[in-house]
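Shown below: input.cif, with mmCIF, C-alpha atoms.
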```cif
data_target
loop_
_atom_site.label_atom_id
_atom_site.label_comp_id
_atom_site.auth_asym_id
_atom_site.auth_seq_id
_atom_site.Cartn_x
_atom_site.Cartn_y
_atom_site.Cartn_z
CA MET A 1187 115.22 122.36 78.63
CA LYS A 1188 118.52 122.40 80.45
CA LYS A 1189 121.08 119.61 80.77
CA GLU A 1190 122.06 118.91 84.35
CA ASN A 1191 125.57 118.28 85.58
CA LEU A 1192 125.66 114.49 85.23
CA GLN A 1193 127.96 114.21 88.24
CA LYS A 1194 125.09 115.35 90.48
CA LEU A 1195 122.83 112.44 89.63
CA LEU A 1196 124.34 108.98 89.77
CA CYS A 1197 121.97 106.04 89.37
CA GLU A 1198 123.70 103.96 92.03
CA SER A 1199 123.18 106.63 94.71
CA CYS A 1200 119.84 108.00 93.48
CA GLN A 1201 116.93 107.57 95.89
CA VAL A 1202 114.56 107.21 92.93
CA SER A 1203 116.34 104.05 91.79
CA LYS A 1204 115.40 102.48 95.12
CA VAL A 1205 111.64 102.96 94.54
CA SER A 1206 111.36 102.65 90.75
CA ILE A 1207 111.62 99.47 88.69
CA PHE A 1208 115.39 100.10 88.75
CA LYS A 1209 115.38 98.69 92.30
CA TYR A 1210 115.87 95.26 90.69
CA LEU A 1211 119.26 96.22 89.27
CA ASP A 1212 122.52 95.51 91.06
CA GLN A 1213 125.00 98.30 91.90
CA GLU A 1214 127.23 97.48 88.92
CA THR A 1215 124.34 97.79 86.46
CA LEU A 1216 123.10 100.98 88.11
CA SER A 1217 126.59 102.41 87.74
CA LYS A 1218 126.64 101.39 84.07
CA ASN A 1219 123.30 103.18 83.57
CA ASN A 1220 125.14 106.50 83.99
CA LEU A 1221 126.85 105.92 80.63
CA PHE A 1222 123.51 105.44 78.84
CA ARG A 1223 121.46 108.16 80.51
CA VAL A 1224 120.81 111.79 79.68
CA THR A 1225 119.45 114.02 82.43
CA ASN A 1226 117.37 117.07 81.53
CA SER A 1227 115.46 119.71 83.47
CA TYR A 1228 112.18 121.17 82.28
CA LYS A 1229 110.32 124.26 83.49
CA THR A 1230 106.62 124.14 84.36
CA GLY A 1231 104.58 123.92 81.16
CA GLU A 1232 107.51 122.89 78.97
CA VAL A 1233 106.82 120.05 76.53
CA VAL A 1234 109.00 116.98 77.02
CA LEU A 1235 107.46 114.90 74.24
CA HIS A 1236 104.79 115.60 71.61
CA ARG A 1237 102.15 113.12 70.51
CA LYS A 1238 103.31 111.35 67.34
CA ASP A 1239 107.00 112.13 68.07
CA PRO A 1240 109.34 109.17 67.54
CA ASN A 1241 109.69 107.01 70.67
CA PHE A 1242 113.41 106.94 71.33
CA GLY A 1243 113.29 105.78 74.94
CA ILE A 1244 111.91 106.01 78.44
CA TYR A 1245 111.89 108.74 81.07
CA CYS A 1246 112.49 108.22 84.77
CA VAL A 1247 111.08 111.08 86.84
CA HIS A 1248 113.76 112.19 89.28
CA MET A 1249 112.12 115.32 90.65
CA GLY A 1250 108.87 117.13 89.96
CA THR A 1251 105.72 116.04 88.14
CA LEU A 1252 105.04 115.15 84.52
CA GLU A 1253 101.62 114.97 82.94
CA ALA A 1254 100.76 112.75 79.98
CA ILE A 1255 97.79 113.89 77.95
CA TYR A 1256 96.12 111.26 75.77
CA ASN A 1257 93.62 112.39 73.16
CA LYS A 1258 93.16 109.57 70.67
CA ASP A 1259 91.08 110.44 67.61
CA LEU A 1260 89.76 113.59 69.29
CA GLY A 1261 87.94 111.48 71.85
CA PRO A 1262 87.91 112.20 75.56
CA VAL A 1263 91.09 113.70 76.99
CA ILE A 1264 92.82 111.47 79.52
CA ARG A 1265 95.41 112.96 81.85
CA LYS A 1266 97.85 110.95 83.90
CA GLU A 1267 100.44 112.31 86.32
CA PHE A 1268 103.88 110.85 86.97
CA PHE A 1269 105.93 111.50 90.10
CA PRO A 1270 109.52 110.75 91.24
CA GLY A 1271 110.26 107.08 90.67
CA ASP A 1272 107.68 106.67 87.90
CA ILE A 1273 108.84 105.48 84.51
CA VAL A 1274 107.14 107.14 81.54
CA GLY A 1275 107.11 105.92 77.96
CA LEU A 1276 107.38 102.19 78.49
CA ASP A 1277 105.35 101.81 75.31
CA ALA A 1278 108.48 103.01 73.47
CA ILE A 1279 109.78 99.46 73.73
CA GLU A 1280 107.04 98.27 71.37
CA ASN A 1281 105.81 101.40 69.55
CA ASP A 1282 107.73 103.67 67.21
CA PHE A 1283 105.71 106.81 67.93
CA SER A 1284 104.29 108.43 71.07
CA ASP A 1285 100.52 108.40 71.55
CA PHE A 1286 100.54 111.17 74.17
CA ASP A 1287 101.88 114.65 74.91
CA LEU A 1288 104.21 114.77 77.91
CA ILE A 1289 104.40 118.09 79.73
CA ALA A 1290 106.22 119.25 82.87
CA LYS A 1291 103.45 120.03 85.35
CA THR A 1292 106.05 121.45 87.76
CA ASP A 1293 109.75 122.15 87.38
CA THR A 1294 110.98 118.65 86.65
CA THR A 1295 114.19 116.69 86.26
CA VAL A 1296 114.05 113.48 84.24
CA CYS A 1297 116.58 110.85 83.26
CA PHE A 1298 116.21 109.57 79.72
CA PHE A 1299 117.27 106.04 78.69
CA ASP A 1300 117.49 104.90 75.08
CA LYS A 1301 114.91 102.20 74.35
CA HIS A 1302 117.49 99.79 72.90
CA TYR A 1303 119.57 100.00 76.09
CA PHE A 1304 116.47 99.58 78.25
CA LYS A 1305 115.39 96.54 76.22
CA LYS A 1306 118.81 94.98 76.90
CA LEU A 1307 118.27 95.62 80.62
CA LEU A 1308 114.90 93.85 80.42
CA ASP A 1309 116.38 90.90 78.55
CA SER A 1310 119.17 90.50 81.10
CA ASN A 1311 117.09 90.79 84.29
CA ASN A 1312 114.07 88.52 84.77
CA LYS A 1313 112.73 90.39 87.83
CA LEU A 1314 112.91 93.73 86.00
CA LYS A 1315 111.18 92.21 82.98
CA GLU A 1316 108.46 90.70 85.18
CA GLU A 1317 107.85 94.05 86.92
CA PHE A 1318 107.81 95.81 83.56
CA THR A 1319 105.27 93.36 82.15
CA GLN A 1320 102.95 93.46 85.18
CA ASN A 1321 103.08 97.16 86.01
CA ARG A 1322 103.43 99.10 82.79
CA VAL A 1323 102.45 102.68 83.54
CA SER A 1324 102.32 104.00 79.97
#
```
In structure tokens, write the structure found in this file.
Amino acid sequence: MKKENLQKLLCESCQVSKVSIFKYLDQETLSKNNLFRVTNSYKTGEVVLHRKDPNFGIYCVHMGTLEAIYNKDLGPVIRKEFFPGDIVGLDAIENDFSDFDLIAKTDTTVCFFDKHYFKKLLDSNNKLKEEFTQNRVS
């Protein structure tokens, strides 16, 4: 994992924020997001999150592809891919631990947001909360 230069990726000018659920945030809030975001790069095959790790927040895919692998109670393996603009880990808002492994399927850059900050965003923006509730992706 490598930390990116945070000056390169600014939420208010990021194309991903225009297609993700962040599209419901105004420019001021998008700018404020930069203070509460950590951007990391992962190489193909690198683990971003292990199953049963603590859920500290959500991941916004900026570039590349992530794959979530669900294998509850050694049942069937379910794989789900996430692409730029997808938000991964929305279950972190309600659950303390991850129920999937998250792996970089390609070289990937993700922006991480603390779940407490994201919950405040949801509570302050009805459209964002509605989109979150209707279209949870994980």
What separates atom CA of A:Val1247 and atom CA of A:Thr1225 is a distance of 9.9 Å
Using only C-alpha atoms, the best pick from A:Gly1231, A:Pro1262, A:Gly1243, A:Pro1270 as closest to A:Thr1295 would be A:Pro1270
(request) For A:Thr1251, list every protein, DNA or RNA residue within 10 Å, evaluated using only C-alpha atoms, and leave out those in the same chain fewer than 5 positions away; present the list as a VMD selection string. (result) chain A and resid 1230 1267 to 1270 1272 1289 to 1296
Filtering to C-alpha atoms, could you give me those residues as a short mmCIF file (atom, residue, chain, number, x, y, z; two decimals), keeping the file's coordinate frame?
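Result file is result_20.cif:
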```
data_model
loop_
_atom_site.label_atom_id
_atom_site.label_comp_id
_atom_site.auth_asym_id
_atom_site.auth_seq_id
_atom_site.Cartn_x
_atom_site.Cartn_y
_atom_site.Cartn_z
CA THR A 1230 106.62 124.14 84.36
CA GLU A 1267 100.44 112.31 86.32
CA PHE A 1268 103.88 110.85 86.97
CA PHE A 1269 105.93 111.50 90.10
CA PRO A 1270 109.52 110.75 91.24
CA ASP A 1272 107.68 106.67 87.90
CA ILE A 1289 104.40 118.09 79.73
CA ALA A 1290 106.22 119.25 82.87
CA LYS A 1291 103.45 120.03 85.35
CA THR A 1292 106.05 121.45 87.76
CA ASP A 1293 109.75 122.15 87.38
CA THR A 1294 110.98 118.65 86.65
CA THR A 1295 114.19 116.69 86.26
CA VAL A 1296 114.05 113.48 84.24
#
```
query = In terms of the shortest atom-to-atom distance over all atoms listed in the file, which of A:Cys1200, A:Tyr1210, A:Ser1284, A:Asn1241 is closest to A:Glu1316?
reply =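 Closest candidate: A:Tyr1210.
The coordinates place atom CA of A:Gly1250 at 22.0 Å from atom CA of A:Asp1285.
We find atom CA of A:Asp1282 and atom CA of A:Lys1306 to be spaced 17.1 Å apart.
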Exercise for the section: Decode the PyMOL selection byres ((chain A and resi 1239) around 12) for the given file into explicit residues and return them as JSON, numbers by chain. Expected result: {"A": [1233, 1234, 1235, 1236, 1237, 1238, 1240, 1241, 1242, 1243, 1275, 1278, 1281, 1282, 1283, 1284, 1285, 1286, 1287, 1288]}
Counting all atoms listed in the file, I want the residues whose atoms come within 10 Å of (121.5, 94.5, 87.6) in the file frame, returned as a PDB file with C-alpha atoms, in the frame of the given file.
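Okay, this is what ended up in point-v2.pdb:
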```pdb
ATOM      1  CA  PHE A1208     115.390 100.100  88.750  1.00  0.00           C
ATOM      2  CA  LYS A1209     115.380  98.690  92.300  1.00  0.00           C
ATOM      3  CA  TYR A1210     115.870  95.260  90.690  1.00  0.00           C
ATOM      4  CA  LEU A1211     119.260  96.220  89.270  1.00  0.00           C
ATOM      5  CA  ASP A1212     122.520  95.510  91.060  1.00  0.00           C
ATOM      6  CA  GLN A1213     125.000  98.300  91.900  1.00  0.00           C
ATOM      7  CA  GLU A1214     127.230  97.480  88.920  1.00  0.00           C
ATOM      8  CA  THR A1215     124.340  97.790  86.460  1.00  0.00           C
ATOM      9  CA  LEU A1216     123.100 100.980  88.110  1.00  0.00           C
ATOM     10  CA  SER A1217     126.590 102.410  87.740  1.00  0.00           C
ATOM     11  CA  LYS A1218     126.640 101.390  84.070  1.00  0.00           C
ATOM     12  CA  ASN A1219     123.300 103.180  83.570  1.00  0.00           C
ATOM     13  CA  LEU A1307     118.270  95.620  80.620  1.00  0.00           C
ATOM     14  CA  LEU A1308     114.900  93.850  80.420  1.00  0.00           C
ATOM     15  CA  SER A1310     119.170  90.500  81.100  1.00  0.00           C
ATOM     16  CA  ASN A1311     117.090  90.790  84.290  1.00  0.00           C
ATOM     17  CA  ASN A1312     114.070  88.520  84.770  1.00  0.00           C
ATOM     18  CA  LYS A1313     112.730  90.390  87.830  1.00  0.00           C
ATOM     19  CA  LEU A1314     112.910  93.730  86.000  1.00  0.00           C
TER      20      LEU A1314
END
```
The residue from A:Ile1273, A:Tyr1228, A:Cys1297, A:His1248 with the smallest atom-to-atom distance to A:Ile1207, counting only C-alpha atoms, is A:Ile1273
- Pull out every residue that the PyMOL selection byres ((chain A and resi 1265) around 6) matches in the shown coordinates and put them as a PyMOL selection string. chain A and resi 1254-1255+1264+1266
